[in-house]
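Asks: The structure file data.cif (mmCIF, C-alpha atoms; chains and numbers go by the auth columns) is provided below.
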data_final
loop_
_atom_site.group_PDB
_atom_site.id
_atom_site.type_symbol
_atom_site.label_atom_id
_atom_site.label_comp_id
_atom_site.label_asym_id
_atom_site.label_seq_id
_atom_site.Cartn_x
_atom_site.Cartn_y
_atom_site.Cartn_z
_atom_site.B_iso_or_equiv
_atom_site.auth_seq_id
_atom_site.auth_asym_id
ATOM 1 C CA MET A 1 -53.313 74.095 -38.939 0.00 214 A
ATOM 2 C CA THR A 2 -50.306 72.253 -37.582 0.00 215 A
ATOM 3 C CA ASP A 3 -50.535 69.718 -34.798 0.00 216 A
ATOM 4 C CA LYS A 4 -49.690 70.930 -31.327 0.00 217 A
ATOM 5 C CA TYR A 5 -47.692 68.907 -28.805 0.00 218 A
ATOM 6 C CA ARG A 6 -46.717 69.079 -25.167 0.00 219 A
ATOM 7 C CA VAL A 7 -43.443 67.724 -23.761 0.00 220 A
ATOM 8 C CA VAL A 8 -44.076 65.316 -20.859 0.00 221 A
ATOM 9 C CA PHE A 9 -41.419 63.868 -18.499 0.00 222 A
ATOM 10 C CA THR A 10 -40.990 60.088 -18.537 0.00 223 A
ATOM 11 C CA SER A 11 -37.729 59.200 -16.730 0.00 224 A
ATOM 12 C CA LEU A 12 -34.067 60.006 -16.084 0.00 225 A
ATOM 13 C CA ASN A 13 -31.125 58.327 -17.787 0.00 226 A
ATOM 14 C CA GLU A 14 -29.065 55.828 -15.804 0.00 227 A
ATOM 15 C CA GLY A 15 -26.392 57.383 -13.631 0.00 228 A
ATOM 16 C CA ILE A 16 -28.141 60.781 -13.346 0.00 229 A
ATOM 17 C CA SER A 17 -29.746 61.715 -10.064 0.00 230 A
ATOM 18 C CA ALA A 18 -32.857 63.872 -9.805 0.00 231 A
ATOM 19 C CA ALA A 19 -30.939 66.609 -7.949 0.00 232 A
ATOM 20 C CA GLU A 20 -28.230 66.714 -10.612 0.00 233 A
ATOM 21 C CA ALA A 21 -30.778 66.826 -13.449 0.00 234 A
ATOM 22 C CA THR A 22 -32.720 69.529 -11.616 0.00 235 A
ATOM 23 C CA THR A 23 -29.710 71.815 -11.217 0.00 236 A
ATOM 24 C CA LYS A 24 -28.519 71.261 -14.811 0.00 237 A
ATOM 25 C CA LEU A 25 -31.949 71.979 -16.307 0.00 238 A
ATOM 26 C CA SER A 26 -32.614 75.015 -14.108 0.00 239 A
ATOM 27 C CA GLN A 27 -29.195 76.480 -15.024 0.00 240 A
ATOM 28 C CA LYS A 28 -29.648 75.729 -18.732 0.00 241 A
ATOM 29 C CA LEU A 29 -33.141 77.252 -18.927 0.00 242 A
ATOM 30 C CA LYS A 30 -32.500 79.873 -16.208 0.00 243 A
ATOM 31 C CA ILE A 31 -35.616 78.948 -14.274 0.00 244 A
ATOM 32 C CA PRO A 32 -36.159 78.146 -10.584 0.00 245 A
ATOM 33 C CA GLU A 33 -35.528 74.580 -9.459 0.00 246 A
ATOM 34 C CA SER A 34 -39.088 74.358 -8.149 0.00 247 A
ATOM 35 C CA LYS A 35 -40.420 74.510 -11.726 0.00 248 A
ATOM 36 C CA VAL A 36 -38.096 71.706 -12.764 0.00 249 A
ATOM 37 C CA GLN A 37 -39.233 69.598 -9.798 0.00 250 A
ATOM 38 C CA ALA A 38 -42.829 70.277 -10.782 0.00 251 A
ATOM 39 C CA PHE A 39 -41.942 69.091 -14.306 0.00 252 A
ATOM 40 C CA PHE A 40 -40.598 65.836 -12.844 0.00 253 A
ATOM 41 C CA ALA A 41 -43.879 65.515 -10.904 0.00 254 A
ATOM 42 C CA GLY A 42 -45.910 65.649 -14.118 0.00 255 A
ATOM 43 C CA LYS A 43 -46.616 69.356 -14.610 0.00 256 A
ATOM 44 C CA PRO A 44 -45.748 70.921 -17.980 0.00 257 A
ATOM 45 C CA LEU A 45 -42.481 72.827 -18.226 0.00 258 A
ATOM 46 C CA PHE A 46 -42.964 74.163 -21.748 0.00 259 A
ATOM 47 C CA SER A 47 -46.112 75.559 -23.303 0.00 260 A
ATOM 48 C CA ILE A 48 -47.932 73.767 -26.092 0.00 261 A
ATOM 49 C CA ALA A 49 -46.004 74.171 -29.342 0.00 262 A
ATOM 50 C CA ASP A 50 -45.826 72.817 -32.876 0.00 263 A
ATOM 51 C CA LYS A 51 -43.996 69.552 -33.621 0.00 264 A
ATOM 52 C CA GLU A 52 -40.687 71.151 -34.683 0.00 265 A
ATOM 53 C CA LYS A 53 -40.310 73.230 -31.527 0.00 266 A
ATOM 54 C CA SER A 54 -41.408 70.331 -29.324 0.00 267 A
ATOM 55 C CA THR A 55 -38.781 68.028 -30.845 0.00 268 A
ATOM 56 C CA LYS A 56 -36.098 70.664 -30.138 0.00 269 A
ATOM 57 C CA GLN A 57 -37.254 70.724 -26.526 0.00 270 A
ATOM 58 C CA LEU A 58 -37.002 66.900 -26.424 0.00 271 A
ATOM 59 C CA LYS A 59 -33.430 67.047 -27.776 0.00 272 A
ATOM 60 C CA LEU A 60 -32.477 69.628 -25.137 0.00 273 A
ATOM 61 C CA LEU A 61 -33.846 67.442 -22.368 0.00 274 A
ATOM 62 C CA ALA A 62 -32.137 64.337 -23.820 0.00 275 A
ATOM 63 C CA SER A 63 -28.782 66.168 -23.858 0.00 276 A
ATOM 64 C CA LEU A 64 -29.195 66.732 -20.106 0.00 277 A
ATOM 65 C CA GLY A 65 -30.082 63.071 -19.434 0.00 278 A
ATOM 66 C CA ILE A 66 -33.830 63.560 -19.113 0.00 279 A
ATOM 67 C CA GLN A 67 -36.183 61.279 -21.042 0.00 280 A
ATOM 68 C CA ALA A 68 -39.433 62.855 -22.210 0.00 281 A
ATOM 69 C CA LYS A 69 -42.086 62.190 -24.809 0.00 282 A
ATOM 70 C CA LEU A 70 -44.404 64.216 -26.993 0.00 283 A
ATOM 71 C CA GLN A 71 -48.040 64.184 -26.062 0.00 284 A
ATOM 72 C CA PRO A 72 -50.537 65.496 -28.600 0.00 285 A
ATOM 73 C CA ALA A 73 -52.420 68.450 -27.195 0.00 286 A
ATOM 74 C CA SER A 74 -55.954 68.522 -28.446 0.00 287 A
ATOM 75 C CA SER A 75 -56.869 72.173 -28.237 0.00 288 A
ATOM 76 C CA PRO A 76 -60.564 71.639 -29.050 0.00 289 A
ATOM 77 C CA SER A 77 -61.059 69.469 -25.949 0.00 290 A
ATOM 78 C CA THR A 78 -59.242 71.959 -23.732 0.00 291 A
ATOM 79 C CA SER A 79 -61.305 74.783 -25.164 0.00 292 A
ATOM 80 C CA GLN A 80 -64.463 72.718 -24.643 0.00 293 A
ATOM 81 C CA LEU A 81 -63.401 72.089 -21.049 0.00 294 A
ATOM 82 C CA ALA A 82 -62.746 75.773 -20.524 0.00 295 A
ATOM 83 C CA GLN A 83 -66.092 76.597 -22.130 0.00 296 A
ATOM 84 C CA SER A 84 -67.938 74.158 -19.864 0.00 297 A
ATOM 85 C CA GLN A 85 -66.190 75.611 -16.785 0.00 298 A
ATOM 86 C CA ARG A 86 -67.115 79.105 -17.928 0.00 299 A
ATOM 87 C CA ASP A 87 -70.711 77.988 -18.453 0.00 300 A
ATOM 88 C CA GLU A 88 -70.836 76.480 -14.956 0.00 301 A
ATOM 89 C CA ARG A 89 -69.533 79.717 -13.438 0.00 302 A
ATOM 90 C CA LEU A 90 -72.039 81.710 -15.493 0.00 303 A
ATOM 91 C CA PHE A 91 -74.948 79.543 -14.368 0.00 304 A
ATOM 92 C CA GLY A 92 -73.758 79.799 -10.765 0.00 305 A
ATOM 93 C CA ALA A 93 -73.654 83.582 -11.040 0.00 306 A
ATOM 94 C CA LEU A 94 -77.104 83.700 -12.651 0.00 307 A
ATOM 95 C CA ASP A 95 -78.486 81.449 -9.918 0.00 308 A
ATOM 96 C CA TYR A 96 -77.018 83.731 -7.245 0.00 309 A
ATOM 97 C CA ILE A 97 -78.455 86.834 -8.932 0.00 310 A
ATOM 98 C CA THR A 98 -81.870 85.214 -9.283 0.00 311 A
ATOM 99 C CA SER A 99 -81.985 84.136 -5.641 0.00 312 A
ATOM 100 C CA SER A 100 -80.851 87.616 -4.569 0.00 313 A
ATOM 101 C CA LEU A 101 -83.608 89.225 -6.625 0.00 314 A
ATOM 102 C CA ILE A 102 -86.195 86.894 -5.082 0.00 315 A
ATOM 103 C CA ARG A 103 -84.998 87.817 -1.574 0.00 316 A
ATOM 104 C CA ILE A 104 -85.126 91.525 -2.430 0.00 317 A
ATOM 105 C CA GLU A 105 -88.646 91.120 -3.800 0.00 318 A
ATOM 106 C CA GLU A 106 -89.760 89.353 -0.611 0.00 319 A
ATOM 107 C CA ARG A 107 -88.279 92.150 1.511 0.00 320 A
ATOM 108 C CA LEU A 108 -90.067 94.763 -0.592 0.00 321 A
ATOM 109 C CA GLU A 109 -93.373 92.950 -0.128 0.00 322 A
ATOM 110 C CA GLU A 110 -92.804 92.904 3.640 0.00 323 A
ATOM 111 C CA LEU A 111 -92.048 96.610 3.606 0.00 324 A
ATOM 112 C CA GLU A 112 -95.123 97.365 1.496 0.00 325 A
ATOM 113 C CA GLN A 113 -97.291 95.481 3.978 0.00 326 A
ATOM 114 C CA ARG A 114 -95.865 97.520 6.854 0.00 327 A
ATOM 115 C CA LEU A 115 -95.983 100.828 4.979 0.00 328 A
ATOM 116 C CA PRO A 116 -99.799 101.298 4.728 0.00 329 A
ATOM 117 C CA GLU A 117 -100.080 100.878 8.511 0.00 330 A
ATOM 118 C CA GLN A 118 -97.568 103.644 9.151 0.00 331 A
ATOM 119 C CA LEU A 119 -98.507 105.950 6.268 0.00 332 A
ATOM 120 C CA PRO A 120 -101.847 107.388 7.585 0.00 333 A
ATOM 121 C CA GLU A 121 -100.269 108.332 10.898 0.00 334 A
ATOM 122 C CA SER A 122 -97.456 110.215 9.216 0.00 335 A
ATOM 123 C CA ASN A 123 -99.904 111.982 6.848 0.00 336 A
ATOM 124 C CA GLU A 124 -101.991 113.195 9.787 0.00 337 A
ATOM 125 C CA LYS A 125 -98.917 114.528 11.552 0.00 338 A
ATOM 126 C CA ALA A 126 -97.722 116.272 8.407 0.00 339 A
ATOM 127 C CA SER A 127 -101.094 117.864 7.763 0.00 340 A
ATOM 128 C CA GLU A 128 -101.309 119.030 11.374 0.00 341 A
ATOM 129 C CA GLN A 129 -97.921 120.707 11.091 0.00 342 A
ATOM 130 C CA TRP A 130 -98.855 122.609 7.937 0.00 343 A
ATOM 131 C CA GLU A 131 -102.250 123.603 9.212 0.00 344 A
ATOM 132 C CA ASP A 132 -100.774 125.369 12.214 0.00 345 A
ATOM 133 C CA ASP A 133 -100.953 129.121 11.774 0.00 346 A
ATOM 134 C CA GLU A 134 -98.070 129.634 14.144 0.00 347 A
ATOM 135 C CA LEU A 135 -95.638 129.153 11.299 0.00 348 A
ATOM 136 C CA PHE A 136 -97.234 131.839 9.205 0.00 349 A
ATOM 137 C CA GLU A 137 -97.738 134.350 11.986 0.00 350 A
ATOM 138 C CA GLU A 138 -94.022 135.016 12.209 0.00 351 A
ATOM 139 C CA LEU A 139 -93.774 135.832 8.509 0.00 352 A
ATOM 140 C CA GLU A 140 -95.165 139.015 7.043 0.00 353 A
ATOM 141 C CA LEU A 141 -96.224 137.836 3.638 0.00 354 A
ATOM 142 C CA ASP A 142 -98.160 140.937 2.521 0.00 355 A
ATOM 143 C CA SER A 143 -95.860 143.695 3.643 0.00 356 A
ATOM 144 C CA PRO A 144 -96.533 146.981 1.855 0.00 357 A
ATOM 145 C CA PRO A 145 -93.814 148.160 -0.502 0.00 358 A
ATOM 146 C CA PRO A 146 -91.766 151.090 0.790 0.00 359 A
ATOM 147 C CA LYS A 147 -93.075 154.485 -0.374 0.00 360 A
ATOM 148 C CA ARG A 148 -90.878 156.446 -2.705 0.00 361 A
ATOM 149 C CA SER A 149 -90.648 160.125 -2.907 0.00 362 A
ATOM 150 C CA LYS A 150 -92.578 161.695 -5.793 0.00 363 A
ATOM 151 C CA THR A 151 -89.851 164.281 -6.384 0.00 364 A
ATOM 152 C CA VAL A 152 -87.327 161.544 -7.212 0.00 365 A
ATOM 153 C CA GLN A 153 -89.756 160.021 -9.709 0.00 366 A
ATOM 154 C CA TYR A 154 -90.466 163.398 -11.351 0.00 367 A
ATOM 155 C CA GLY A 155 -86.730 164.169 -11.513 0.00 368 A
ATOM 156 C CA LEU A 156 -85.951 160.849 -13.233 0.00 369 A
ATOM 157 C CA GLY A 157 -88.818 161.394 -15.681 0.00 370 A
ATOM 158 C CA ALA A 158 -87.559 164.917 -16.567 0.00 371 A
ATOM 159 C CA ILE A 159 -84.004 163.641 -17.171 0.00 372 A
ATOM 160 C CA LEU A 160 -85.381 160.896 -19.405 0.00 373 A
ATOM 161 C CA ILE A 161 -87.391 163.391 -21.503 0.00 374 A
ATOM 162 C CA ILE A 162 -84.364 165.695 -21.882 0.00 375 A
ATOM 163 C CA LEU A 163 -82.202 162.784 -23.029 0.00 376 A
ATOM 164 C CA LEU A 164 -84.840 161.737 -25.575 0.00 377 A
ATOM 165 C CA ILE A 165 -84.987 165.312 -26.980 0.00 378 A
ATOM 166 C CA ILE A 166 -81.174 165.391 -27.318 0.00 379 A
ATOM 167 C CA LEU A 167 -81.249 162.008 -29.058 0.00 380 A
ATOM 168 C CA ALA A 168 -83.948 163.197 -31.482 0.00 381 A
ATOM 169 C CA LEU A 169 -81.946 166.349 -32.305 0.00 382 A
ATOM 170 C CA ALA A 170 -78.788 164.276 -32.836 0.00 383 A
ATOM 171 C CA ILE A 171 -80.590 162.016 -35.279 0.00 384 A
ATOM 172 C CA ALA A 172 -82.396 164.869 -37.064 0.00 385 A
ATOM 173 C CA PHE A 173 -79.428 167.229 -37.251 0.00 386 A
ATOM 174 C CA PRO A 174 -76.161 165.272 -37.121 0.00 387 A
ATOM 175 C CA ASN A 175 -74.093 168.344 -38.125 0.00 388 A
ATOM 176 C CA LEU A 176 -75.322 170.273 -35.089 0.00 389 A
ATOM 177 C CA VAL A 177 -74.010 167.700 -32.603 0.00 390 A
ATOM 178 C CA ALA A 178 -70.616 167.113 -34.279 0.00 391 A
ATOM 179 C CA MET A 179 -68.508 170.039 -33.101 0.00 392 A
#
Please express the file's structure as structure tokens.

Replies:
Amino acid sequence: MTDKYRVVFTSLNEGISAAEATTKLSQKLKIPESKVQAFFAGKPLFSIADKEKSTKQLKLLASLGIQAKLQPASSPSTSQLAQSQRDERLFGALDYITSSLIRIEERLEELEQRLPEQLPESNEKASEQWEDDELFEELELDSPPPKRSKTVQYGLGAILIILLIILALAIAFPNLVAM
């Protein structure tokens, strides 16, 4: 793995003002002047790169009258820092979840203590409502089925028997039915 470096601003050449260097660099790189001013304040302008690319960036800055240096970027320490920040956020979230669960459990215990006091009253009211016969008096649960005429039943039975006889003849004598 190659070494990684970051370009860091050190100073300006003699005879070059900060405003002049800012406009030249922003025009050359086609970036806003605020980023260049942030670079002069110590913030990185370029991302971490290998040594060859970083030296090209140094040469570009030197051609514009800006002195900079290469600073080795130790990626393991930055990843360890990011990991520790992530761990802190994770522990904070776990702590919040745990405290929330404890509060919920306390609320449930309070509700359970109140519930037995209210439960018998509601059971008595519910049983009283269902025991009232007034609800069932309006409904006719055992209504007799409507009476059908016997002639309709005998007629349907006769038609069924005739159809069965025709079916039996059609199966027994297929030539008789095919006309």

Asks: Need the shell around segment 255-259 of chain A: protein/DNA/RNA residues with any atom at most 12 Å away, counting only C-alpha atoms. Skip same-chain ones fewer than 3 positions apart. Format as a PyMOL selection string?

Replies: chain A and resi 218-224+238-239+242+244-252+262-263+266-271+273-274+281-284+286

Asks: Give me, as number ranges by chain, all polymer residues having an atom no more than 12 Å from Glu227 of chain A, counting all atoms listed in the file and skipping those fewer than 6 positions away in the same chain.

Replies: A: 234, 277-280

Asks: Output C-alpha atoms for every residue in the selection just made, as a compact mmCIF listing (two decimals), keeping the file's coordinate frame.

Replies:
# COMPACT_ATOMS: atom_id res chain seq x y z
CA ALA A 234 -30.78 66.83 -13.45
CA LEU A 277 -29.20 66.73 -20.11
CA GLY A 278 -30.08 63.07 -19.43
CA ILE A 279 -33.83 63.56 -19.11
CA GLN A 280 -36.18 61.28 -21.04

Asks: If you measure from atom CA of Ile229 of chain A to atom CA of Lys241 of chain A, what distance in Å do you get, rounded to one decimal?

Replies: 16.0 Å

Asks: To one decimal in Å, tell me the separation between atom CA of Ser362 of chain A and atom CA of Ile374 of chain A.

Replies: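 Spanning atom CA of Ser362 of chain A to atom CA of Ile374 of chain A is a straight-line distance of 19.2 Å.
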
Asks: Give the answer as one residue: which of A:Lys363, A:Lys217, A:Glu233, A:Gly370 has the shortest atom-to-atom distance to Glu265 of chain A, using all atoms listed in the file?

Replies: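 Closest to Glu265 of chain A of all the choices is A:Lys217.
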
Asks: Tell me, in Å to one decimal, how far atom CA of Gln326 of chain A is from atom CA of Thr311 of chain A.

Replies: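 Those two atoms sit 22.8 Å apart.
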
Asks: Reconstruct segment 258-283 of chain A at the level of N, CA and C atoms, and format the result as a PDB file, in the coordinates of the input.

Replies:
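That gives us part.pdb:
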ATOM      1  N   LEU A 258     -43.554  71.845 -18.364  1.00  0.00           N
ATOM      2  CA  LEU A 258     -42.481  72.827 -18.226  1.00  0.00           C
ATOM      3  C   LEU A 258     -42.537  73.822 -19.372  1.00  0.00           C
ATOM      4  N   PHE A 259     -42.877  73.324 -20.556  1.00  0.00           N
ATOM      5  CA  PHE A 259     -42.964  74.163 -21.748  1.00  0.00           C
ATOM      6  C   PHE A 259     -44.431  74.302 -22.145  1.00  0.00           C
ATOM      7  N   SER A 260     -44.742  75.377 -22.821  1.00  0.00           N
ATOM      8  CA  SER A 260     -46.112  75.559 -23.303  1.00  0.00           C
ATOM      9  C   SER A 260     -46.341  74.686 -24.528  1.00  0.00           C
ATOM     10  N   ILE A 261     -47.577  74.561 -24.915  1.00  0.00           N
ATOM     11  CA  ILE A 261     -47.932  73.767 -26.092  1.00  0.00           C
ATOM     12  C   ILE A 261     -47.322  74.437 -27.321  1.00  0.00           C
ATOM     13  N   ALA A 262     -46.678  73.620 -28.165  1.00  0.00           N
ATOM     14  CA  ALA A 262     -46.004  74.171 -29.342  1.00  0.00           C
ATOM     15  C   ALA A 262     -46.196  73.226 -30.523  1.00  0.00           C
ATOM     16  N   ASP A 263     -45.730  73.681 -31.707  1.00  0.00           N
ATOM     17  CA  ASP A 263     -45.826  72.817 -32.876  1.00  0.00           C
ATOM     18  C   ASP A 263     -44.783  71.703 -32.776  1.00  0.00           C
ATOM     19  N   LYS A 264     -44.824  70.763 -33.713  1.00  0.00           N
ATOM     20  CA  LYS A 264     -43.996  69.552 -33.621  1.00  0.00           C
ATOM     21  C   LYS A 264     -42.512  69.893 -33.679  1.00  0.00           C
ATOM     22  N   GLU A 265     -42.099  70.811 -34.526  1.00  0.00           N
ATOM     23  CA  GLU A 265     -40.687  71.151 -34.683  1.00  0.00           C
ATOM     24  C   GLU A 265     -40.106  71.710 -33.382  1.00  0.00           C
ATOM     25  N   LYS A 266     -40.800  72.635 -32.765  1.00  0.00           N
ATOM     26  CA  LYS A 266     -40.310  73.230 -31.527  1.00  0.00           C
ATOM     27  C   LYS A 266     -40.318  72.209 -30.396  1.00  0.00           C
ATOM     28  N   SER A 267     -41.332  71.355 -30.360  1.00  0.00           N
ATOM     29  CA  SER A 267     -41.408  70.331 -29.324  1.00  0.00           C
ATOM     30  C   SER A 267     -40.277  69.326 -29.445  1.00  0.00           C
ATOM     31  N   THR A 268     -39.904  68.964 -30.681  1.00  0.00           N
ATOM     32  CA  THR A 268     -38.781  68.028 -30.845  1.00  0.00           C
ATOM     33  C   THR A 268     -37.461  68.681 -30.420  1.00  0.00           C
ATOM     34  N   LYS A 269     -37.298  69.968 -30.629  1.00  0.00           N
ATOM     35  CA  LYS A 269     -36.098  70.664 -30.138  1.00  0.00           C
ATOM     36  C   LYS A 269     -36.052  70.632 -28.611  1.00  0.00           C
ATOM     37  N   GLN A 270     -37.196  70.794 -27.987  1.00  0.00           N
ATOM     38  CA  GLN A 270     -37.254  70.724 -26.526  1.00  0.00           C
ATOM     39  C   GLN A 270     -36.896  69.318 -26.040  1.00  0.00           C
ATOM     40  N   LEU A 271     -37.363  68.284 -26.763  1.00  0.00           N
ATOM     41  CA  LEU A 271     -37.002  66.900 -26.424  1.00  0.00           C
ATOM     42  C   LEU A 271     -35.502  66.679 -26.522  1.00  0.00           C
ATOM     43  N   LYS A 272     -34.874  67.204 -27.595  1.00  0.00           N
ATOM     44  CA  LYS A 272     -33.430  67.047 -27.776  1.00  0.00           C
ATOM     45  C   LYS A 272     -32.665  67.750 -26.654  1.00  0.00           C
ATOM     46  N   LEU A 273     -33.121  68.904 -26.236  1.00  0.00           N
ATOM     47  CA  LEU A 273     -32.477  69.628 -25.137  1.00  0.00           C
ATOM     48  C   LEU A 273     -32.540  68.813 -23.848  1.00  0.00           C
ATOM     49  N   LEU A 274     -33.702  68.252 -23.567  1.00  0.00           N
ATOM     50  CA  LEU A 274     -33.846  67.442 -22.368  1.00  0.00           C
ATOM     51  C   LEU A 274     -33.000  66.173 -22.448  1.00  0.00           C
ATOM     52  N   ALA A 275     -32.933  65.559 -23.644  1.00  0.00           N
ATOM     53  CA  ALA A 275     -32.137  64.337 -23.820  1.00  0.00           C
ATOM     54  C   ALA A 275     -30.650  64.632 -23.620  1.00  0.00           C
ATOM     55  N   SER A 276     -30.190  65.819 -24.036  1.00  0.00           N
ATOM     56  CA  SER A 276     -28.782  66.168 -23.858  1.00  0.00           C
ATOM     57  C   SER A 276     -28.428  66.326 -22.376  1.00  0.00           C
ATOM     58  N   LEU A 277     -29.420  66.595 -21.541  1.00  0.00           N
ATOM     59  CA  LEU A 277     -29.195  66.732 -20.106  1.00  0.00           C
ATOM     60  C   LEU A 277     -29.471  65.430 -19.350  1.00  0.00           C
ATOM     61  N   GLY A 278     -29.837  64.368 -20.060  1.00  0.00           N
ATOM     62  CA  GLY A 278     -30.082  63.071 -19.434  1.00  0.00           C
ATOM     63  C   GLY A 278     -31.501  62.886 -18.947  1.00  0.00           C
ATOM     64  N   ILE A 279     -32.425  63.642 -19.522  1.00  0.00           N
ATOM     65  CA  ILE A 279     -33.830  63.560 -19.113  1.00  0.00           C
ATOM     66  C   ILE A 279     -34.624  62.993 -20.273  1.00  0.00           C
ATOM     67  N   GLN A 280     -35.356  61.895 -20.012  1.00  0.00           N
ATOM     68  CA  GLN A 280     -36.183  61.279 -21.042  1.00  0.00           C
ATOM     69  C   GLN A 280     -37.589  61.885 -20.981  1.00  0.00           C
ATOM     70  N   ALA A 281     -38.092  62.279 -22.131  1.00  0.00           N
ATOM     71  CA  ALA A 281     -39.433  62.855 -22.210  1.00  0.00           C
ATOM     72  C   ALA A 281     -40.085  62.376 -23.487  1.00  0.00           C
ATOM     73  N   LYS A 282     -41.365  62.597 -23.597  1.00  0.00           N
ATOM     74  CA  LYS A 282     -42.086  62.190 -24.809  1.00  0.00           C
ATOM     75  C   LYS A 282     -43.019  63.314 -25.224  1.00  0.00           C
ATOM     76  N   LEU A 283     -43.452  63.241 -26.471  1.00  0.00           N
ATOM     77  CA  LEU A 283     -44.404  64.216 -26.993  1.00  0.00           C
ATOM     78  C   LEU A 283     -45.815  63.694 -26.774  1.00  0.00           C
TER      79      LEU A 283
END
